[in-house]
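Working notes for the structure below.
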2 protein chains.
Amino acid sequence: MAKQERAVRTRNALIESAAELFTRDGFEVVSLSTISARAGVSNGALHFHFASKAALATAVRDAAAQHFTRITSADPPSPRYGGSLQTLIDTSHALLQGLSRDVILRAGFDLGDNAEGAGEGEDLFERWSAWVEDAVARSAREGLLADVAPRDLVTTVVGATVGFAALGGHDVHWLSRTTLTRFWSLLLPRVASPQAQRGLVAAGRWAEAS
Amino acid sequence: MAKQERAVRTRNALIESAAELFTRDGFEVVSLSTISARAGVSNGALHFHFASKAALATAVRDAAAQHFTRITSADPPSPRYGGSLQTLIDTSHALLQGLSRDVILRAGFDLGDNAEGAGEGEDLFERWSAWVEDAVARSAREGLLADVAPRDLVTTVVGATVGFAALGGHDVHWLSRTTLTRFWSLLLPRVASPQAQRGLVAAGRWAEAS
(Lines give C-alpha, C1' and ligand atoms only; values in the text may rest on other atoms or scores of the structure.)
Protein backbone atom coordinates (compact mmCIF):
# COMPACT_ATOMS: atom_id res chain seq x y z
CA MET A 1 0.00 0.00 0.00
CA ALA A 2 2.78 2.41 0.94
CA LYS A 3 4.59 1.32 -2.21
CA GLN A 4 1.52 1.95 -4.35
CA GLU A 5 1.05 5.32 -2.73
CA ARG A 6 4.65 6.20 -3.50
CA ALA A 7 4.13 5.21 -7.14
CA VAL A 8 1.10 7.50 -7.40
CA ARG A 9 3.06 10.33 -5.84
CA THR A 10 5.98 9.81 -8.25
CA ARG A 11 3.62 9.76 -11.22
CA ASN A 12 1.95 12.99 -10.07
CA ALA A 13 5.30 14.67 -9.50
CA LEU A 14 6.32 13.77 -13.06
CA ILE A 15 3.07 15.14 -14.48
CA GLU A 16 3.47 18.37 -12.56
CA SER A 17 7.12 18.74 -13.57
CA ALA A 18 6.23 18.08 -17.22
CA ALA A 19 3.36 20.57 -17.08
CA GLU A 20 5.62 23.26 -15.68
CA LEU A 21 8.40 22.69 -18.23
CA PHE A 22 6.08 22.32 -21.25
CA THR A 23 4.54 25.69 -20.38
CA ARG A 24 7.87 27.41 -19.69
CA ASP A 25 10.05 26.00 -22.48
CA GLY A 26 7.64 24.40 -24.95
CA PHE A 27 6.84 20.74 -25.55
CA GLU A 28 9.40 20.22 -28.32
CA VAL A 29 12.34 21.66 -26.41
CA VAL A 30 11.99 19.93 -23.04
CA SER A 31 14.00 16.74 -22.50
CA LEU A 32 12.81 13.77 -20.46
CA SER A 33 15.87 14.02 -18.20
CA THR A 34 15.04 17.64 -17.33
CA ILE A 35 11.52 16.53 -16.42
CA SER A 36 12.69 13.70 -14.17
CA ALA A 37 15.38 15.89 -12.55
CA ARG A 38 12.85 18.60 -11.71
CA ALA A 39 10.48 15.98 -10.28
CA GLY A 40 13.36 14.65 -8.16
CA VAL A 41 13.12 11.11 -9.58
CA SER A 42 15.42 8.94 -11.68
CA ASN A 43 15.19 8.53 -15.45
CA GLY A 44 14.34 4.89 -14.78
CA ALA A 45 11.34 5.89 -12.70
CA LEU A 46 10.15 8.17 -15.50
CA HIS A 47 10.41 5.38 -18.05
CA PHE A 48 8.58 3.02 -15.69
CA HIS A 49 5.59 5.38 -15.70
CA PHE A 50 5.74 6.89 -19.20
CA ALA A 51 6.93 5.30 -22.44
CA SER A 52 7.58 8.62 -24.18
CA LYS A 53 7.30 12.38 -23.97
CA ALA A 54 4.04 12.13 -25.91
CA ALA A 55 2.64 9.76 -23.26
CA LEU A 56 3.59 12.32 -20.62
CA ALA A 57 1.87 15.07 -22.60
CA THR A 58 -1.27 12.93 -22.79
CA ALA A 59 -1.14 12.43 -19.01
CA VAL A 60 -0.82 16.21 -18.51
CA ARG A 61 -3.80 16.79 -20.79
CA ASP A 62 -5.88 14.16 -18.99
CA ALA A 63 -5.05 15.62 -15.59
CA ALA A 64 -5.85 19.14 -16.89
CA ALA A 65 -9.18 17.88 -18.26
CA GLN A 66 -10.02 16.49 -14.80
CA HIS A 67 -9.13 19.78 -13.12
CA PHE A 68 -11.28 21.56 -15.71
CA THR A 69 -14.22 19.24 -15.01
CA ARG A 70 -13.89 19.88 -11.29
CA ILE A 71 -14.03 23.65 -11.85
CA THR A 72 -16.98 23.59 -14.24
CA SER A 73 -19.10 21.24 -12.13
CA ALA A 74 -18.34 22.63 -8.68
CA ASP A 75 -21.14 25.08 -8.56
CA PRO A 76 -24.73 23.93 -9.21
CA PRO A 77 -26.94 26.89 -10.11
CA SER A 78 -29.16 28.20 -7.38
CA PRO A 79 -32.22 30.22 -8.39
CA ARG A 80 -31.98 32.14 -5.12
CA TYR A 81 -28.59 33.55 -6.08
CA GLY A 82 -28.80 34.67 -9.69
CA GLY A 83 -29.22 31.15 -11.07
CA SER A 84 -27.21 30.04 -14.07
CA LEU A 85 -25.96 33.55 -14.82
CA GLN A 86 -24.29 33.78 -11.40
CA THR A 87 -22.90 30.28 -11.94
CA LEU A 88 -21.34 31.51 -15.18
CA ILE A 89 -19.76 34.45 -13.34
CA ASP A 90 -18.51 32.25 -10.49
CA THR A 91 -17.13 29.60 -12.81
CA SER A 92 -15.27 32.14 -14.97
CA HIS A 93 -13.62 33.43 -11.78
CA ALA A 94 -12.78 29.88 -10.68
CA LEU A 95 -11.24 29.14 -14.08
CA LEU A 96 -8.95 32.19 -14.07
CA GLN A 97 -8.01 31.61 -10.43
CA GLY A 98 -7.25 28.02 -11.39
CA LEU A 99 -5.07 29.16 -14.29
CA SER A 100 -3.10 31.46 -11.98
CA ARG A 101 -2.41 28.75 -9.42
CA ASP A 102 -2.57 25.39 -11.17
CA VAL A 103 0.32 24.61 -13.49
CA ILE A 104 -1.39 21.48 -14.83
CA LEU A 105 -4.54 23.34 -15.86
CA ARG A 106 -2.39 26.01 -17.53
CA ALA A 107 -0.39 23.41 -19.43
CA GLY A 108 -3.65 21.78 -20.54
CA PHE A 109 -4.72 25.02 -22.20
CA ASP A 110 -1.25 25.59 -23.67
CA LEU A 111 -0.92 22.09 -25.10
CA GLY A 112 -4.15 22.69 -26.94
CA ASP A 113 -2.17 25.27 -28.87
CA ASN A 114 0.04 22.86 -30.77
CA ALA A 115 -1.91 19.66 -31.03
CA GLU A 116 0.59 18.30 -33.56
CA GLY A 117 3.58 17.57 -31.37
CA ALA A 118 1.83 17.02 -28.13
CA GLY A 119 -0.46 14.11 -28.98
CA GLU A 120 -4.20 13.85 -29.10
CA GLY A 121 -6.46 14.93 -26.29
CA GLU A 122 -9.43 17.01 -25.36
CA ASP A 123 -9.35 20.61 -26.43
CA LEU A 124 -10.06 22.64 -23.30
CA PHE A 125 -10.84 25.75 -25.36
CA GLU A 126 -13.66 23.89 -27.04
CA ARG A 127 -14.91 22.43 -23.79
CA TRP A 128 -14.92 25.89 -22.20
CA SER A 129 -16.72 27.36 -25.19
CA ALA A 130 -19.37 24.60 -25.04
CA TRP A 131 -19.76 25.05 -21.29
CA VAL A 132 -20.33 28.82 -21.65
CA GLU A 133 -22.86 28.18 -24.41
CA ASP A 134 -24.78 25.85 -22.10
CA ALA A 135 -24.71 28.27 -19.20
CA VAL A 136 -25.99 31.12 -21.38
CA ALA A 137 -28.78 28.92 -22.77
CA ARG A 138 -29.81 27.98 -19.23
CA SER A 139 -29.73 31.64 -18.17
CA ALA A 140 -32.02 32.49 -21.07
CA ARG A 141 -34.47 29.73 -20.11
CA GLU A 142 -34.44 30.96 -16.51
CA GLY A 143 -35.46 34.43 -17.74
CA LEU A 144 -32.26 36.04 -16.46
CA LEU A 145 -31.17 37.69 -19.70
CA ALA A 146 -32.14 41.14 -20.97
CA ASP A 147 -32.92 41.58 -24.64
CA VAL A 148 -29.56 40.41 -26.01
CA ALA A 149 -28.62 37.73 -28.54
CA PRO A 150 -27.33 34.74 -26.55
CA ARG A 151 -24.65 34.08 -29.19
CA ASP A 152 -23.26 37.60 -28.75
CA LEU A 153 -22.93 36.96 -25.03
CA VAL A 154 -21.25 33.55 -25.57
CA THR A 155 -18.78 35.07 -28.05
CA THR A 156 -17.93 37.92 -25.69
CA VAL A 157 -17.50 35.77 -22.56
CA VAL A 158 -15.39 33.12 -24.30
CA GLY A 159 -13.26 35.76 -26.05
CA ALA A 160 -12.61 37.82 -22.92
CA THR A 161 -11.85 34.88 -20.61
CA VAL A 162 -9.49 33.25 -23.12
CA GLY A 163 -7.88 36.66 -23.66
CA PHE A 164 -7.34 37.19 -19.93
CA ALA A 165 -5.84 33.70 -19.75
CA ALA A 166 -3.47 34.44 -22.65
CA LEU A 167 -2.48 37.85 -21.27
CA GLY A 168 -1.97 36.21 -17.85
CA GLY A 169 0.98 34.35 -19.36
CA HIS A 170 2.72 37.73 -19.74
CA ASP A 171 1.49 39.53 -16.66
CA VAL A 172 -0.42 37.75 -13.88
CA HIS A 173 -2.59 40.75 -13.02
CA TRP A 174 -4.76 39.77 -16.00
CA LEU A 175 -5.74 36.62 -14.08
CA SER A 176 -6.76 38.54 -10.97
CA ARG A 177 -10.28 38.70 -9.61
CA THR A 178 -10.14 42.49 -10.19
CA THR A 179 -9.70 42.09 -13.95
CA LEU A 180 -12.63 39.72 -14.37
CA THR A 181 -14.79 41.79 -12.02
CA ARG A 182 -14.21 44.83 -14.28
CA PHE A 183 -15.45 42.77 -17.20
CA TRP A 184 -18.61 41.55 -15.47
CA SER A 185 -19.34 45.00 -13.98
CA LEU A 186 -19.31 46.42 -17.47
CA LEU A 187 -21.37 43.60 -18.95
CA LEU A 188 -24.07 42.82 -16.39
CA PRO A 189 -26.17 46.01 -16.70
CA ARG A 190 -26.40 45.22 -20.41
CA VAL A 191 -27.02 41.48 -20.37
CA ALA A 192 -29.00 40.75 -17.18
CA SER A 193 -32.73 41.36 -16.93
CA PRO A 194 -33.70 44.08 -14.41
CA GLN A 195 -34.99 41.48 -11.94
CA ALA A 196 -31.83 39.34 -12.22
CA GLN A 197 -29.61 42.42 -11.87
CA ARG A 198 -30.18 42.84 -8.14
CA GLY A 199 -29.02 39.40 -7.09
CA LEU A 200 -25.85 39.23 -9.19
CA VAL A 201 -22.32 39.62 -7.81
CA ALA A 202 -19.78 40.61 -10.48
CA ALA A 203 -16.87 39.62 -8.24
CA GLY A 204 -18.27 36.12 -7.87
CA ARG A 205 -20.27 34.61 -5.01
CA TRP A 206 -17.13 33.16 -3.43
CA ALA A 207 -15.12 36.39 -3.61
CA GLU A 208 -14.76 36.52 0.18
CA ALA A 209 -13.44 32.98 0.35
CA SER A 210 -10.34 33.51 -1.79
CA MET B 1 19.45 48.87 -58.59
CA ALA B 2 17.97 45.60 -59.80
CA LYS B 3 20.50 43.82 -57.59
CA GLN B 4 19.50 45.86 -54.55
CA GLU B 5 15.86 45.21 -55.27
CA ARG B 6 16.55 41.49 -55.44
CA ALA B 7 18.33 41.65 -52.09
CA VAL B 8 15.33 43.36 -50.48
CA ARG B 9 13.02 40.77 -52.00
CA THR B 10 15.18 37.91 -50.69
CA ARG B 11 15.33 39.44 -47.24
CA ASN B 12 11.52 39.84 -47.16
CA ALA B 13 11.00 36.27 -48.37
CA LEU B 14 13.22 35.03 -45.54
CA ILE B 15 11.31 37.08 -42.96
CA GLU B 16 7.99 35.78 -44.23
CA SER B 17 9.22 32.19 -44.30
CA ALA B 18 10.58 32.51 -40.75
CA ALA B 19 7.34 34.08 -39.53
CA GLU B 20 5.31 31.24 -41.00
CA LEU B 21 7.53 28.49 -39.56
CA PHE B 22 7.96 30.10 -36.13
CA THR B 23 4.18 30.26 -35.80
CA ARG B 24 3.59 26.73 -37.11
CA ASP B 25 6.42 24.82 -35.44
CA GLY B 26 7.76 27.13 -32.72
CA PHE B 27 10.92 29.22 -32.65
CA GLU B 28 13.09 26.60 -30.92
CA VAL B 29 12.26 23.79 -33.30
CA VAL B 30 12.66 25.47 -36.69
CA SER B 31 16.04 25.11 -38.42
CA LEU B 32 17.66 27.78 -40.56
CA SER B 33 17.82 25.41 -43.52
CA THR B 34 14.04 24.83 -43.35
CA ILE B 35 13.55 28.59 -43.39
CA SER B 36 15.81 29.15 -46.40
CA ALA B 37 14.29 26.19 -48.27
CA ARG B 38 10.76 27.50 -47.76
CA ALA B 39 11.85 30.95 -48.92
CA GLY B 40 13.38 29.36 -52.01
CA VAL B 41 16.88 30.73 -51.35
CA SER B 42 20.24 29.17 -50.49
CA ASN B 43 21.65 28.80 -46.99
CA GLY B 44 24.39 31.17 -48.07
CA ALA B 45 21.85 33.86 -48.91
CA LEU B 46 20.24 33.42 -45.51
CA HIS B 47 23.59 33.82 -43.76
CA PHE B 48 24.36 36.88 -45.88
CA HIS B 49 21.24 38.58 -44.51
CA PHE B 50 20.99 37.13 -40.99
CA ALA B 51 23.77 36.10 -38.64
CA SER B 52 21.56 33.82 -36.54
CA LYS B 53 18.05 32.56 -35.92
CA ALA B 54 17.72 35.18 -33.17
CA ALA B 55 18.57 37.92 -35.70
CA LEU B 56 15.85 36.54 -37.95
CA ALA B 57 13.38 36.55 -35.04
CA THR B 58 14.27 40.19 -34.35
CA ALA B 59 13.63 41.03 -38.01
CA VAL B 60 10.23 39.29 -37.82
CA ARG B 61 9.35 41.24 -34.69
CA ASP B 62 10.46 44.54 -36.26
CA ALA B 63 8.44 43.88 -39.39
CA ALA B 64 5.41 42.91 -37.26
CA ALA B 65 5.80 46.09 -35.22
CA GLN B 66 5.72 48.09 -38.46
CA HIS B 67 2.59 46.30 -39.67
CA PHE B 68 1.03 46.96 -36.25
CA THR B 69 1.90 50.66 -36.48
CA ARG B 70 0.34 50.85 -39.92
CA ILE B 71 -2.91 49.32 -38.62
CA THR B 72 -3.16 51.49 -35.53
CA SER B 73 -2.41 54.75 -37.32
CA ALA B 74 -4.40 54.20 -40.50
CA ASP B 75 -7.58 55.73 -39.29
CA PRO B 76 -7.60 59.26 -37.83
CA PRO B 77 -10.72 59.85 -35.75
CA SER B 78 -13.45 61.84 -37.39
CA PRO B 79 -16.01 63.53 -35.15
CA ARG B 80 -18.59 63.19 -37.90
CA TYR B 81 -18.42 59.40 -37.73
CA GLY B 82 -18.43 58.41 -34.06
CA GLY B 83 -15.03 59.95 -33.36
CA SER B 84 -12.45 58.02 -31.37
CA LEU B 85 -14.93 55.33 -30.35
CA GLN B 86 -15.57 54.43 -34.00
CA THR B 87 -11.83 54.50 -34.59
CA LEU B 88 -11.43 51.96 -31.78
CA ILE B 89 -14.05 49.73 -33.39
CA ASP B 90 -12.51 50.08 -36.86
CA THR B 91 -8.99 49.46 -35.63
CA SER B 92 -9.97 46.35 -33.67
CA HIS B 93 -11.52 44.97 -36.89
CA ALA B 94 -8.40 45.89 -38.86
CA LEU B 95 -6.18 44.16 -36.29
CA LEU B 96 -8.13 40.88 -36.37
CA GLN B 97 -8.37 40.99 -40.17
CA GLY B 98 -4.62 41.58 -40.20
CA LEU B 99 -4.03 38.59 -37.93
CA SER B 100 -6.09 36.36 -40.20
CA ARG B 101 -4.19 37.36 -43.35
CA ASP B 102 -0.73 38.55 -42.33
CA VAL B 103 1.64 35.82 -41.17
CA ILE B 104 4.24 38.37 -40.03
CA LEU B 105 1.81 40.21 -37.77
CA ARG B 106 0.65 36.86 -36.31
CA ALA B 107 4.23 35.78 -35.66
CA GLY B 108 4.90 39.12 -33.97
CA PHE B 109 2.14 38.42 -31.46
CA ASP B 110 3.27 34.79 -31.02
CA LEU B 111 6.93 35.66 -30.47
CA GLY B 112 5.83 37.93 -27.65
CA ASP B 113 4.75 34.71 -25.95
CA ASN B 114 8.23 33.35 -25.30
CA ALA B 115 10.48 36.35 -25.14
CA GLU B 116 13.30 34.19 -23.77
CA GLY B 117 14.36 32.25 -26.82
CA ALA B 118 13.26 34.69 -29.45
CA GLY B 119 15.34 37.74 -28.55
CA GLU B 120 14.31 41.17 -27.39
CA GLY B 121 11.73 43.29 -29.13
CA GLU B 122 8.59 45.27 -28.70
CA ASP B 123 5.74 43.51 -27.01
CA LEU B 124 2.74 43.93 -29.32
CA PHE B 125 0.31 42.94 -26.55
CA GLU B 126 1.51 45.87 -24.49
CA ARG B 127 1.40 48.23 -27.44
CA TRP B 128 -2.15 47.14 -28.24
CA SER B 129 -3.18 47.56 -24.64
CA ALA B 130 -1.67 51.08 -24.52
CA TRP B 131 -3.32 51.97 -27.83
CA VAL B 132 -6.77 50.89 -26.58
CA GLU B 133 -6.24 52.85 -23.37
CA ASP B 134 -5.50 55.97 -25.41
CA ALA B 135 -8.51 55.49 -27.67
CA VAL B 136 -10.83 55.05 -24.69
CA ALA B 137 -9.40 58.15 -22.99
CA ARG B 138 -9.96 60.15 -26.18
CA SER B 139 -13.53 58.80 -26.48
CA ALA B 140 -14.20 59.92 -22.90
CA ARG B 141 -12.87 63.43 -23.62
CA GLU B 142 -15.02 63.60 -26.75
CA GLY B 143 -18.09 62.85 -24.61
CA LEU B 144 -18.81 59.61 -26.44
CA LEU B 145 -18.95 57.31 -23.41
CA ALA B 146 -21.96 56.51 -21.27
CA ASP B 147 -21.54 56.33 -17.51
CA VAL B 148 -18.96 53.53 -17.46
CA ALA B 149 -15.50 53.28 -15.90
CA PRO B 150 -12.96 53.74 -18.75
CA ARG B 151 -10.68 51.09 -17.22
CA ASP B 152 -13.48 48.51 -17.33
CA LEU B 153 -13.89 49.22 -21.03
CA VAL B 154 -10.13 49.01 -21.71
CA THR B 155 -9.90 45.70 -19.83
CA THR B 156 -12.85 44.24 -21.72
CA VAL B 157 -11.73 45.35 -25.19
CA VAL B 158 -8.12 44.20 -24.72
CA GLY B 159 -9.22 40.89 -23.20
CA ALA B 160 -11.77 40.09 -25.91
CA THR B 161 -9.58 41.07 -28.87
CA VAL B 162 -6.57 39.13 -27.55
CA GLY B 163 -8.90 36.19 -26.85
CA PHE B 164 -10.31 36.24 -30.40
CA ALA B 165 -6.72 36.35 -31.70
CA ALA B 166 -5.70 33.36 -29.53
CA LEU B 167 -8.82 31.37 -30.47
CA GLY B 168 -8.21 32.26 -34.12
CA GLY B 169 -5.09 30.09 -33.96
CA HIS B 170 -7.39 27.08 -33.45
CA ASP B 171 -10.33 28.06 -35.61
CA VAL B 172 -10.22 31.03 -37.99
CA HIS B 173 -13.91 31.91 -37.58
CA TRP B 174 -12.88 33.65 -34.33
CA LEU B 175 -10.97 36.18 -36.46
CA SER B 176 -13.96 36.93 -38.68
CA ARG B 177 -15.73 40.26 -38.86
CA THR B 178 -18.88 38.48 -37.61
CA THR B 179 -17.24 37.52 -34.31
CA LEU B 180 -16.01 41.01 -33.50
CA THR B 181 -19.30 42.56 -34.66
CA ARG B 182 -21.13 40.37 -32.12
CA PHE B 183 -18.84 41.73 -29.43
CA TRP B 184 -19.35 45.38 -30.36
CA SER B 185 -23.12 44.93 -30.84
CA LEU B 186 -23.35 43.62 -27.30
CA LEU B 187 -21.09 46.32 -25.86
CA LEU B 188 -22.09 49.55 -27.61
CA PRO B 189 -25.55 50.05 -26.07
CA ARG B 190 -23.84 49.86 -22.67
CA VAL B 191 -20.71 51.94 -23.28
CA ALA B 192 -21.67 54.64 -25.80
CA SER B 193 -23.58 57.76 -24.82
CA PRO B 194 -27.07 58.01 -26.34
CA GLN B 195 -25.94 60.72 -28.78
CA ALA B 196 -22.88 58.73 -29.86
CA GLN B 197 -24.95 55.55 -30.25
CA ARG B 198 -26.64 56.59 -33.48
CA GLY B 199 -23.49 57.19 -35.50
CA LEU B 200 -21.63 54.02 -34.51
CA VAL B 201 -21.17 50.99 -36.78
CA ALA B 202 -20.40 47.79 -34.85
CA ALA B 203 -19.20 46.04 -38.00
CA GLY B 204 -16.66 48.81 -38.63
CA ARG B 205 -16.84 51.77 -40.99
CA TRP B 206 -14.95 49.86 -43.67
CA ALA B 207 -17.08 46.73 -43.50
CA GLU B 208 -18.18 47.08 -47.12
CA ALA B 209 -14.62 47.39 -48.35
CA SER B 210 -13.39 43.98 -47.20
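Just so we're on the same page: first chain in the C-alpha coordinates is A, next is B, and so on; residues restart at 1 for each chain, and ligands are numbered from 1 in the order they show up.
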
For the helix (DSSP H, G or I) assignment from backbone DSSP, which residues of segment 8-168 of chain B qualify? Please present them as a PyMOL selection string. chain B and resi 8-25+32-39+43-49+53-72+79-81+83-101+103-114+124-141+150-168

Just need the residues of chain A within 7 Å of chain B, counting only C-alpha atoms, so spit them out as an MDAnalysis selection string. chainID A and resid 28:29 152 155:156 159:160 162:164 179 182:183 186 190

Let me make sure I understand: among B:Leu14, B:Ala37, B:Ala192, B:Ala51, which one has the smallest atom-to-atom distance to Ile104 of chain B if we use only C-alpha atoms? B:Leu14

Report, in Å to a single decimal, how far apart atom CA of Leu145 of chain B and atom CA of Leu85 of chain A are. 26.2 Å

Computed after least-squares fitting of chain B to chain A on all C-alpha atoms in order, what is the RMSD in Å? 0.0 Å

Skipping near chain neighbours, those fewer than 2 positions away, what residues fall within 10 Å of Ile89 of chain B using only C-alpha atoms, listed as number ranges by chain? B: 82, 84-87, 91-94, 135, 157, 180-181, 184, 188, 200-205

Of the candidates B:Phe109, B:Ser193, B:Leu21, B:His173, which shows the shortest atom-to-atom distance to Ala146 of chain B, using only C-alpha atoms? B:Ser193

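As for atom CA of Ile15 of chain B and atom CA of Val60 of chain B, they are spaced 5.7 Å apart.
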
From A:His49, A:Arg138, A:Arg101, A:Arg198, residue lying nearest His67 of chain A [only C-alpha atoms]: A:Arg101
